[in-house]
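final13.pdb, holding PDB, C-alpha atoms:
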ATOM      1  CA  MET A   5      26.464  30.090  -5.218  1.00  0.00           C
ATOM      2  CA  ALA A   6      28.427  27.334  -6.946  1.00  0.00           C
ATOM      3  CA  ASP A   7      26.325  24.722  -5.187  1.00  0.00           C
ATOM      4  CA  ALA A   8      23.127  26.382  -6.417  1.00  0.00           C
ATOM      5  CA  GLU A   9      24.456  26.522  -9.983  1.00  0.00           C
ATOM      6  CA  SER A  10      25.454  22.859  -9.772  1.00  0.00           C
ATOM      7  CA  LYS A  11      21.960  21.897  -8.627  1.00  0.00           C
ATOM      8  CA  SER A  12      20.418  23.988 -11.378  1.00  0.00           C
ATOM      9  CA  TRP A  13      22.598  22.307 -14.016  1.00  0.00           C
ATOM     10  CA  LEU A  14      21.852  18.856 -12.620  1.00  0.00           C
ATOM     11  CA  ARG A  15      18.143  19.551 -12.412  1.00  0.00           C
ATOM     12  CA  LEU A  16      18.074  20.555 -16.075  1.00  0.00           C
ATOM     13  CA  ARG A  17      19.900  17.364 -17.066  1.00  0.00           C
ATOM     14  CA  VAL A  18      17.581  15.266 -14.908  1.00  0.00           C
ATOM     15  CA  GLU A  19      14.503  16.949 -16.366  1.00  0.00           C
ATOM     16  CA  LYS A  20      15.676  16.164 -19.902  1.00  0.00           C
ATOM     17  CA  ALA A  21      16.439  12.553 -18.965  1.00  0.00           C
ATOM     18  CA  VAL A  22      13.022  12.002 -17.370  1.00  0.00           C
ATOM     19  CA  ALA A  23      11.251  13.632 -20.321  1.00  0.00           C
ATOM     20  CA  LYS A  24      13.214  11.448 -22.739  1.00  0.00           C
ATOM     21  CA  GLY A  25      12.385   8.294 -20.792  1.00  0.00           C
ATOM     22  CA  LEU A  26       8.675   9.127 -20.615  1.00  0.00           C
ATOM     23  CA  THR A  27       8.563  10.012 -24.316  1.00  0.00           C
ATOM     24  CA  ARG A  28      10.245   6.717 -25.143  1.00  0.00           C
ATOM     25  CA  ALA A  29       7.673   4.851 -23.061  1.00  0.00           C
ATOM     26  CA  TYR A  30       4.917   6.710 -24.899  1.00  0.00           C
ATOM     27  CA  SER A  31       6.211   6.160 -28.423  1.00  0.00           C
ATOM     28  CA  THR A  32       8.254   2.952 -28.568  1.00  0.00           C
ATOM     29  CA  VAL A  33       7.926   0.727 -25.489  1.00  0.00           C
ATOM     30  CA  GLN A  34       4.219   0.812 -24.766  1.00  0.00           C
ATOM     31  CA  VAL A  35       2.655  -2.214 -23.112  1.00  0.00           C
ATOM     32  CA  ASN A  36       0.870  -4.390 -25.677  1.00  0.00           C
ATOM     33  CA  PRO A  37      -2.749  -4.628 -24.407  1.00  0.00           C
ATOM     34  CA  GLN A  38      -3.462  -7.993 -26.040  1.00  0.00           C
ATOM     35  CA  LYS A  39      -0.315  -9.650 -24.704  1.00  0.00           C
ATOM     36  CA  PHE A  40      -0.976  -8.194 -21.278  1.00  0.00           C
ATOM     37  CA  LEU A  41      -4.554  -9.483 -21.353  1.00  0.00           C
ATOM     38  CA  LEU A  42      -3.147 -12.967 -21.920  1.00  0.00           C
ATOM     39  CA  GLN A  43      -0.869 -12.447 -18.904  1.00  0.00           C
ATOM     40  CA  LEU A  44      -3.846 -11.440 -16.768  1.00  0.00           C
ATOM     41  CA  ARG A  45      -5.705 -14.583 -17.811  1.00  0.00           C
ATOM     42  CA  THR A  46      -2.815 -17.041 -17.443  1.00  0.00           C
ATOM     43  CA  ALA A  47      -0.465 -15.662 -14.786  1.00  0.00           C
ATOM     44  CA  TYR A  48      -3.119 -14.014 -12.614  1.00  0.00           C
ATOM     45  CA  ARG A  49      -6.028 -16.293 -13.584  1.00  0.00           C
ATOM     46  CA  LEU A  50      -8.517 -13.481 -14.059  1.00  0.00           C
ATOM     47  CA  PRO A  51     -11.643 -14.971 -15.728  1.00  0.00           C
ATOM     48  CA  VAL A  52     -11.977 -12.317 -18.429  1.00  0.00           C
ATOM     49  CA  SER A  53     -12.111 -12.538 -22.224  1.00  0.00           C
ATOM     50  CA  GLY A  54     -11.563  -8.799 -22.667  1.00  0.00           C
ATOM     51  CA  TYR A  55     -10.907  -5.693 -20.615  1.00  0.00           C
ATOM     52  CA  HIS A  56     -14.627  -4.994 -20.279  1.00  0.00           C
ATOM     53  CA  GLY A  57     -14.756  -8.172 -18.199  1.00  0.00           C
ATOM     54  CA  VAL A  58     -12.843  -6.654 -15.283  1.00  0.00           C
ATOM     55  CA  TYR A  59     -15.967  -4.693 -14.340  1.00  0.00           C
ATOM     56  CA  SER A  60     -17.649  -7.946 -13.353  1.00  0.00           C
ATOM     57  CA  LEU A  61     -14.865  -8.669 -10.837  1.00  0.00           C
ATOM     58  CA  GLU A  62     -14.549  -7.455  -7.280  1.00  0.00           C
ATOM     59  CA  VAL A  63     -12.154  -4.562  -6.916  1.00  0.00           C
ATOM     60  CA  GLY A  64     -10.145  -6.548  -4.342  1.00  0.00           C
ATOM     61  CA  GLU A  65      -9.107  -9.051  -7.035  1.00  0.00           C
ATOM     62  CA  LEU A  66      -7.801  -6.242  -9.205  1.00  0.00           C
ATOM     63  CA  ASP A  67      -6.050  -4.617  -6.249  1.00  0.00           C
ATOM     64  CA  GLN A  68      -4.045  -7.787  -5.657  1.00  0.00           C
ATOM     65  CA  VAL A  69      -2.900  -7.850  -9.290  1.00  0.00           C
ATOM     66  CA  ALA A  70      -2.080  -4.133  -9.169  1.00  0.00           C
ATOM     67  CA  ASP A  71      -0.007  -4.558  -5.998  1.00  0.00           C
ATOM     68  CA  ASP A  72       1.916  -7.419  -7.586  1.00  0.00           C
ATOM     69  CA  LEU A  73       2.636  -5.353 -10.702  1.00  0.00           C
ATOM     70  CA  ILE A  74       3.877  -2.454  -8.586  1.00  0.00           C
ATOM     71  CA  ARG A  75       6.164  -4.801  -6.637  1.00  0.00           C
ATOM     72  CA  GLY A  76       7.501  -6.179  -9.919  1.00  0.00           C
ATOM     73  CA  GLY A  77       8.255  -2.665 -11.169  1.00  0.00           C
ATOM     74  CA  MET A  78       9.908  -1.803  -7.878  1.00  0.00           C
ATOM     75  CA  LYS A  79      12.214  -4.835  -8.048  1.00  0.00           C
ATOM     76  CA  LEU A  80      13.148  -4.138 -11.671  1.00  0.00           C
ATOM     77  CA  ALA A  81      13.863  -0.491 -10.894  1.00  0.00           C
ATOM     78  CA  ALA A  82      15.931  -1.431  -7.830  1.00  0.00           C
ATOM     79  CA  ALA A  83      18.093  -3.840  -9.840  1.00  0.00           C
ATOM     80  CA  GLU A  84      18.586  -1.207 -12.531  1.00  0.00           C
ATOM     81  CA  GLY A  85      19.405   1.439  -9.930  1.00  0.00           C
ATOM     82  CA  ALA A  86      21.959  -0.781  -8.213  1.00  0.00           C
ATOM     83  CA  GLY A  87      23.779  -1.400 -11.486  1.00  0.00           C
ATOM     84  CA  PHE A  88      23.853   2.201 -12.650  1.00  0.00           C
ATOM     85  CA  GLY A  89      24.531   3.407  -9.106  1.00  0.00           C
ATOM     86  CA  LEU A  90      28.048   1.983  -9.249  1.00  0.00           C
ATOM     87  CA  GLY A  91      29.035   4.939 -11.418  1.00  0.00           C
ATOM     88  CA  GLY A  92      27.799   7.539  -8.973  1.00  0.00           C
ATOM     89  CA  LEU A  93      26.606  10.837 -10.411  1.00  0.00           C
ATOM     90  CA  ILE A  94      27.975  10.018 -13.880  1.00  0.00           C
ATOM     91  CA  THR A  95      25.309   7.355 -14.476  1.00  0.00           C
ATOM     92  CA  ILE A  96      22.352   9.155 -12.910  1.00  0.00           C
ATOM     93  CA  ILE A  97      21.160  10.516 -16.281  1.00  0.00           C
ATOM     94  CA  PRO A  98      20.877   7.195 -18.158  1.00  0.00           C
ATOM     95  CA  ASP A  99      19.516   5.615 -14.971  1.00  0.00           C
ATOM     96  CA  LEU A 100      16.661   8.111 -14.794  1.00  0.00           C
ATOM     97  CA  GLY A 101      15.811   7.640 -18.458  1.00  0.00           C
ATOM     98  CA  ILE A 102      15.339   3.911 -17.914  1.00  0.00           C
ATOM     99  CA  LEU A 103      13.621   4.448 -14.559  1.00  0.00           C
ATOM    100  CA  SER A 104      11.084   6.752 -16.209  1.00  0.00           C
ATOM    101  CA  ALA A 105      10.307   4.134 -18.840  1.00  0.00           C
ATOM    102  CA  ILE A 106       9.901   1.415 -16.174  1.00  0.00           C
ATOM    103  CA  THR A 107       7.586   3.658 -14.175  1.00  0.00           C
ATOM    104  CA  MET A 108       5.457   4.569 -17.189  1.00  0.00           C
ATOM    105  CA  ARG A 109       5.100   0.943 -18.263  1.00  0.00           C
ATOM    106  CA  THR A 110       3.970   0.109 -14.720  1.00  0.00           C
ATOM    107  CA  ILE A 111       1.343   2.853 -14.943  1.00  0.00           C
ATOM    108  CA  GLN A 112       0.193   1.516 -18.317  1.00  0.00           C
ATOM    109  CA  LYS A 113      -0.271  -1.945 -16.811  1.00  0.00           C
ATOM    110  CA  LEU A 114      -2.219  -0.520 -13.879  1.00  0.00           C
ATOM    111  CA  SER A 115      -4.476   1.285 -16.343  1.00  0.00           C
ATOM    112  CA  LEU A 116      -5.234  -1.985 -18.128  1.00  0.00           C
ATOM    113  CA  VAL A 117      -5.796  -3.913 -14.897  1.00  0.00           C
ATOM    114  CA  TYR A 118      -8.652  -1.581 -13.991  1.00  0.00           C
ATOM    115  CA  GLY A 119     -10.119  -1.802 -17.498  1.00  0.00           C
ATOM    116  CA  PHE A 120      -8.822   1.411 -19.057  1.00  0.00           C
ATOM    117  CA  GLN A 121      -7.201   0.909 -22.440  1.00  0.00           C
ATOM    118  CA  PHE A 122      -5.301   3.512 -24.438  1.00  0.00           C
ATOM    119  CA  ASN A 123      -6.438   2.917 -28.024  1.00  0.00           C
ATOM    120  CA  THR A 124      -8.141   6.238 -28.721  1.00  0.00           C
ATOM    121  CA  ASP A 125      -6.790   9.757 -28.345  1.00  0.00           C
ATOM    122  CA  ASN A 126      -9.109  10.330 -25.395  1.00  0.00           C
ATOM    123  CA  GLU A 127      -7.888   7.155 -23.648  1.00  0.00           C
ATOM    124  CA  ILE A 128      -4.257   8.115 -24.243  1.00  0.00           C
ATOM    125  CA  ALA A 129      -4.921  11.522 -22.734  1.00  0.00           C
ATOM    126  CA  GLU A 130      -6.564   9.874 -19.715  1.00  0.00           C
ATOM    127  CA  LEU A 131      -3.493   7.674 -19.257  1.00  0.00           C
ATOM    128  CA  TRP A 132      -1.233  10.713 -19.090  1.00  0.00           C
ATOM    129  CA  ILE A 133      -3.605  12.465 -16.723  1.00  0.00           C
ATOM    130  CA  ALA A 134      -3.098   9.443 -14.449  1.00  0.00           C
ATOM    131  CA  ALA A 135       0.676   9.664 -14.900  1.00  0.00           C
ATOM    132  CA  ALA A 136       0.568  13.328 -13.946  1.00  0.00           C
ATOM    133  CA  SER A 137      -1.522  12.459 -10.902  1.00  0.00           C
ATOM    134  CA  ALA A 138       1.073   9.855  -9.916  1.00  0.00           C
ATOM    135  CA  ALA A 139       3.766  12.523 -10.152  1.00  0.00           C
ATOM    136  CA  GLY A 140       1.732  14.933  -8.048  1.00  0.00           C
ATOM    137  CA  VAL A 141       1.183  17.311 -10.967  1.00  0.00           C
ATOM    138  CA  ASP A 142      -2.090  19.242 -11.255  1.00  0.00           C
ATOM    139  CA  ILE A 143      -3.107  19.593 -14.907  1.00  0.00           C
ATOM    140  CA  SER A 144      -6.765  20.428 -14.360  1.00  0.00           C
ATOM    141  CA  ARG A 145      -6.457  23.604 -16.416  1.00  0.00           C
ATOM    142  CA  GLU A 146      -5.419  21.530 -19.436  1.00  0.00           C
ATOM    143  CA  LEU A 147      -8.233  18.999 -19.305  1.00  0.00           C
ATOM    144  CA  LEU A 148     -10.203  20.800 -21.978  1.00  0.00           C
ATOM    145  CA  GLU A 149      -7.270  20.443 -24.374  1.00  0.00           C
ATOM    146  CA  LYS A 150      -6.817  16.698 -23.975  1.00  0.00           C
ATOM    147  CA  GLU A 151      -8.441  15.883 -27.308  1.00  0.00           C
ATOM    148  CA  VAL A 152      -5.349  17.315 -29.056  1.00  0.00           C
ATOM    149  CA  VAL A 153      -3.132  14.436 -27.974  1.00  0.00           C
ATOM    150  CA  ASN A 154      -0.083  15.328 -30.067  1.00  0.00           C
ATOM    151  CA  LYS A 155       0.131  18.650 -28.239  1.00  0.00           C
ATOM    152  CA  PHE A 156      -1.282  17.561 -24.889  1.00  0.00           C
ATOM    153  CA  VAL A 157       1.022  14.612 -24.142  1.00  0.00           C
ATOM    154  CA  PRO A 158       4.368  16.388 -24.708  1.00  0.00           C
ATOM    155  CA  ARG A 159       3.183  19.258 -22.507  1.00  0.00           C
ATOM    156  CA  VAL A 160       2.189  16.850 -19.729  1.00  0.00           C
ATOM    157  CA  ILE A 161       5.493  14.994 -20.054  1.00  0.00           C
ATOM    158  CA  GLN A 162       7.367  18.271 -19.594  1.00  0.00           C
ATOM    159  CA  ARG A 163       5.319  19.113 -16.498  1.00  0.00           C
ATOM    160  CA  ILE A 164       5.966  15.661 -15.011  1.00  0.00           C
ATOM    161  CA  ALA A 165       9.684  15.873 -15.812  1.00  0.00           C
ATOM    162  CA  ALA A 166       9.972  19.285 -14.172  1.00  0.00           C
ATOM    163  CA  ARG A 167       8.286  18.020 -11.016  1.00  0.00           C
ATOM    164  CA  ALA A 168      10.347  14.827 -10.921  1.00  0.00           C
ATOM    165  CA  SER A 169      13.629  16.665 -11.450  1.00  0.00           C
ATOM    166  CA  ALA A 170      13.131  18.762  -8.323  1.00  0.00           C
ATOM    167  CA  GLU A 171      12.390  15.633  -6.312  1.00  0.00           C
ATOM    168  CA  VAL A 172      15.329  13.719  -7.762  1.00  0.00           C
ATOM    169  CA  VAL A 173      17.976  16.402  -7.248  1.00  0.00           C
ATOM    170  CA  GLU A 174      17.020  16.681  -3.593  1.00  0.00           C
ATOM    171  CA  LYS A 175      16.946  12.965  -2.808  1.00  0.00           C
ATOM    172  CA  TRP A 176      19.651  11.665  -5.163  1.00  0.00           C
ATOM    173  CA  ALA A 177      22.456  13.826  -3.734  1.00  0.00           C
ATOM    174  CA  GLY A 178      24.099  10.814  -2.101  1.00  0.00           C
ATOM    175  CA  ARG A 179      24.725   9.262  -5.495  1.00  0.00           C
ATOM    176  CA  MET A 180      27.731  11.515  -5.953  1.00  0.00           C
ATOM    177  CA  ILE A 181      29.758   8.858  -4.123  1.00  0.00           C
ATOM    178  CA  PRO A 182      30.472   5.803  -6.346  1.00  0.00           C
ATOM    179  CA  LEU A 183      29.963   2.311  -4.890  1.00  0.00           C
ATOM    180  CA  VAL A 184      28.063   3.672  -1.889  1.00  0.00           C
ATOM    181  CA  SER A 185      25.588   5.066  -4.397  1.00  0.00           C
ATOM    182  CA  SER A 186      24.787   1.564  -5.685  1.00  0.00           C
ATOM    183  CA  ALA A 187      22.734   0.664  -2.625  1.00  0.00           C
ATOM    184  CA  LEU A 188      21.308   4.173  -2.498  1.00  0.00           C
ATOM    185  CA  GLY A 189      20.379   4.031  -6.187  1.00  0.00           C
ATOM    186  CA  ALA A 190      18.573   0.733  -5.696  1.00  0.00           C
ATOM    187  CA  GLY A 191      16.658   2.057  -2.695  1.00  0.00           C
ATOM    188  CA  LEU A 192      15.705   5.344  -4.332  1.00  0.00           C
ATOM    189  CA  ASN A 193      14.535   3.679  -7.541  1.00  0.00           C
ATOM    190  CA  TYR A 194      12.548   1.188  -5.476  1.00  0.00           C
ATOM    191  CA  TRP A 195      10.898   4.036  -3.568  1.00  0.00           C
ATOM    192  CA  PHE A 196      10.278   6.046  -6.750  1.00  0.00           C
ATOM    193  CA  VAL A 197       8.271   3.299  -8.496  1.00  0.00           C
ATOM    194  CA  ARG A 198       6.449   2.455  -5.284  1.00  0.00           C
ATOM    195  CA  ALA A 199       5.327   6.052  -4.691  1.00  0.00           C
ATOM    196  CA  TRP A 200       4.270   6.687  -8.280  1.00  0.00           C
ATOM    197  CA  GLY A 201       2.706   3.246  -8.623  1.00  0.00           C
ATOM    198  CA  GLU A 202       0.593   3.625  -5.509  1.00  0.00           C
ATOM    199  CA  ARG A 203      -0.674   7.034  -6.593  1.00  0.00           C
ATOM    200  CA  ALA A 204      -1.493   5.756 -10.079  1.00  0.00           C
ATOM    201  CA  LYS A 205      -3.269   2.744  -8.593  1.00  0.00           C
ATOM    202  CA  ALA A 206      -5.410   5.020  -6.420  1.00  0.00           C
ATOM    203  CA  HIS A 207      -6.320   7.085  -9.493  1.00  0.00           C
ATOM    204  CA  PHE A 208      -7.388   4.110 -11.605  1.00  0.00           C
ATOM    205  CA  ARG A 209      -9.135   2.406  -8.676  1.00  0.00           C
ATOM    206  CA  GLN A 210     -11.282   5.446  -8.056  1.00  0.00           C
ATOM    207  CA  ARG A 211     -12.205   5.695 -11.733  1.00  0.00           C
ATOM    208  CA  TYR A 212     -12.997   1.962 -11.799  1.00  0.00           C
ATOM    209  CA  LEU A 213     -15.409   2.328  -8.886  1.00  0.00           C
ATOM    210  CA  GLN A 214     -17.026   5.321 -10.560  1.00  0.00           C
ATOM    211  CA  VAL A 215     -17.579   3.391 -13.798  1.00  0.00           C
ATOM    212  CA  ARG A 216     -19.076   0.439 -11.910  1.00  0.00           C
ATOM    213  CA  GLN A 217     -21.393   2.735  -9.990  1.00  0.00           C
ATOM    214  CA  GLN A 218     -22.524   4.445 -13.182  1.00  0.00           C
ATOM    215  CA  SER A 219     -23.150   1.056 -14.830  1.00  0.00           C
ATOM    216  CA  ARG A 220     -25.276  -0.100 -11.893  1.00  0.00           C
ATOM    217  CA  GLU A 221     -27.298   3.099 -11.968  1.00  0.00           C
ATOM    218  CA  GLN A 222     -27.927   2.647 -15.693  1.00  0.00           C
ATOM    219  CA  VAL A 223     -29.114  -0.927 -15.124  1.00  0.00           C
ATOM    220  CA  LEU A 224     -31.443   0.207 -12.354  1.00  0.00           C
ATOM    221  CA  ASP A 225     -32.818   2.994 -14.498  1.00  0.00           C
ATOM    222  CA  ALA A 226     -33.402   0.600 -17.364  1.00  0.00           C
ATOM    223  CA  GLY A 227     -35.194  -1.854 -15.048  1.00  0.00           C
ATOM    224  CA  GLU A 228     -37.630   0.630 -13.532  1.00  0.00           C
ATOM    225  CA  PRO A 229     -41.233   0.190 -14.706  1.00  0.00           C
ATOM    226  CA  ARG A 230     -42.317   2.881 -17.083  1.00  0.00           C
ATOM    227  CA  ILE A 231     -45.524   4.754 -16.259  1.00  0.00           C
ATOM    228  CA  LEU A 232     -47.548   5.188 -19.421  1.00  0.00           C
ATOM    229  CA  PRO A 233     -49.657   8.307 -19.782  1.00  0.00           C
ATOM    230  CA  ALA A 234     -53.385   7.754 -19.156  1.00  0.00           C
ATOM    231  CA  HIS A 235     -55.622   7.620 -22.181  1.00  0.00           C
ATOM    232  CA  THR A 236     -57.949  10.540 -22.481  1.00  0.00           C
ATOM    233  CA  VAL A 237     -61.573   9.777 -23.187  1.00  0.00           C
TER     234      VAL A 237
END
Would you mind writing the file out in structure tokens?
Amino acid sequence: MADAESKSWLRLRVEKAVAKGLTRAYSTVQVNPQKFLLQLRTAYRLPVSGYHGVYSLEVGELDQVADDLIRGGMKLAAAEGAGFGLGGLITIIPDLGILSAITMRTIQKLSLVYGFQFNTDNEIAELWIAAASAAGVDISRELLEKEVVNKFVPRVIQRIAARASAEVVEKWAGRMIPLVSSALGAGLNYWFVRAWGERAKAHFRQRYLQVRQQSREQVLDAGEPRILPAHTV
């Protein structure tokens, strides 16, 4: 009974920490699209002048960049987890807040790699649909409400946080032991970003291929000869 109550208390704290971290990533630490575009052009040498240009590239080129970004997020999360893990259970709450922000920024970068910006309300909603997909959350019933971003995003964040908290409480139990939890914290954070990053990548990759296919079909339709109606005598 006491163990169940302890898990319930911890899960509530974890849920709040994840929600806070995701909200912070949404409102204050978003990836700057223009700066990231410069990174894609200089660090990854993608020959694009804007995000529309990624649709002229082979998906394999984008996959390589996406994999590298996921690895970078995994390493950053592991280092953060190792540091906070020294405190055992006491530091799990601030750790998860930062981990959530790292994960969300990684998802934002993956979105941009595959050509999906988040300037408009609709694009922002799509980004959070991808984040929910990465967390394994089904929000299909809320798709029709995505145009109301100020209400949609907080609701999605809460759903993601609730799902993540259940996962965290189960797997992070070993962090109750200080020092030993440092290595465990690093490994769990590493796994967390990897799992969410891979699912987000799959989401954006599929959408990228759909957009390219639709563009090709439009070009083909535009190039088909038009049959003019015969003149009547």
Check: Do you have the atom CA of Ser115 of chain A-atom CA of Ala166 of chain A distance handy?
Finding: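 These atoms are spaced 23.2 Å apart.
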Next item on the list: Determine, counting all atoms listed in the file, which protein, DNA and RNA residues have an atom within 12 Å of an atom of Arg203 of chain A; residues of the same chain fewer than 5 positions away are not included. Present the result as a list in words.
Entry: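 So the residues in contact are Ala70, Asp71, Ile74, Thr107, Thr110, Ile111, Leu114, Ser115, Ile133, Ala134, Ala135, Ala136, Ser137, Ala138, Ala139, Gly140, Val141, Phe196, Val197, Arg198, Phe208, Arg209 and Gln210 of chain A.
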Check: Between A:Ile164, A:Asn126, A:Asp142, A:Lys79, which one has atoms that come closest to Leu192 of chain A, using all atoms listed in the file?
Finding: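 Comparing A:Ile164, A:Asn126, A:Asp142, A:Lys79 against Leu192 of chain A, the winner is A:Lys79.
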Check: Residues around (12.0, -2.1, -9.6), cut-off 12 Å, counting only C-alpha atoms - what are they as a ChimeraX atom specification?
Finding: /A:72-87,102-107,109-110,189-201
Notebook entry, point to check: Any idea what the distance is between atom CA of Tyr59 of chain A and atom CA of Asn36 of chain A?
Noted result: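 The value is 20.3 Å.
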Margin query: With only C-alpha atoms as the counted atoms, please give the residues lying no more than 10 Å from segment 21-31 of chain A, apart from itself and same-chain residues fewer than 4 positions off, as a ChimeraX atom specification.
Written below: /A:15-17,35,96-109,112,128,132,135,157-158,160-169
Next item on the list: Provide the atom CA of Phe120 of chain A to atom CA of Tyr55 of chain A distance in Å, to one decimal place.
Entry: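 Interatomic distance, atom CA of Phe120 of chain A to atom CA of Tyr55 of chain A: 7.6 Å.
Counting all atoms listed in the file, the residue from A:Ala129, A:Val63, A:Val58, A:Val18 that sits nearest to Val152 of chain A is A:Ala129.
In terms of minimum interatomic distance to Tyr212 of chain A, A:Leu61 ranks closest within A:Val52, A:Leu61, A:Ala47, A:Leu41, counting all atoms listed in the file.
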Check: With distances taken over all atoms listed in the file, which of A:Asp67, A:Glu127, A:Glu62, A:Glu19 is nearest to Glu202 of chain A?
Finding: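 Of A:Asp67, A:Glu127, A:Glu62, A:Glu19, the one nearest Glu202 of chain A, counting all atoms listed in the file, is A:Asp67.
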Centre and edge lengths of an axis-aligned box around all listed atoms of segment 131-134 of chain A, with 4 Å added on each side, are to be given in Å to one decimal, as lines of an AutoDock Vina configuration file.
center_x = -2.4
center_y = 10.1
center_z = -16.9
size_x = 10.4
size_y = 12.8
size_z = 12.8
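Proximity ranking of A:Ser60, A:Ala204, A:Ile143, A:Val117 relative to Arg216 of chain A places A:Ser60 first, based on only C-alpha atoms.
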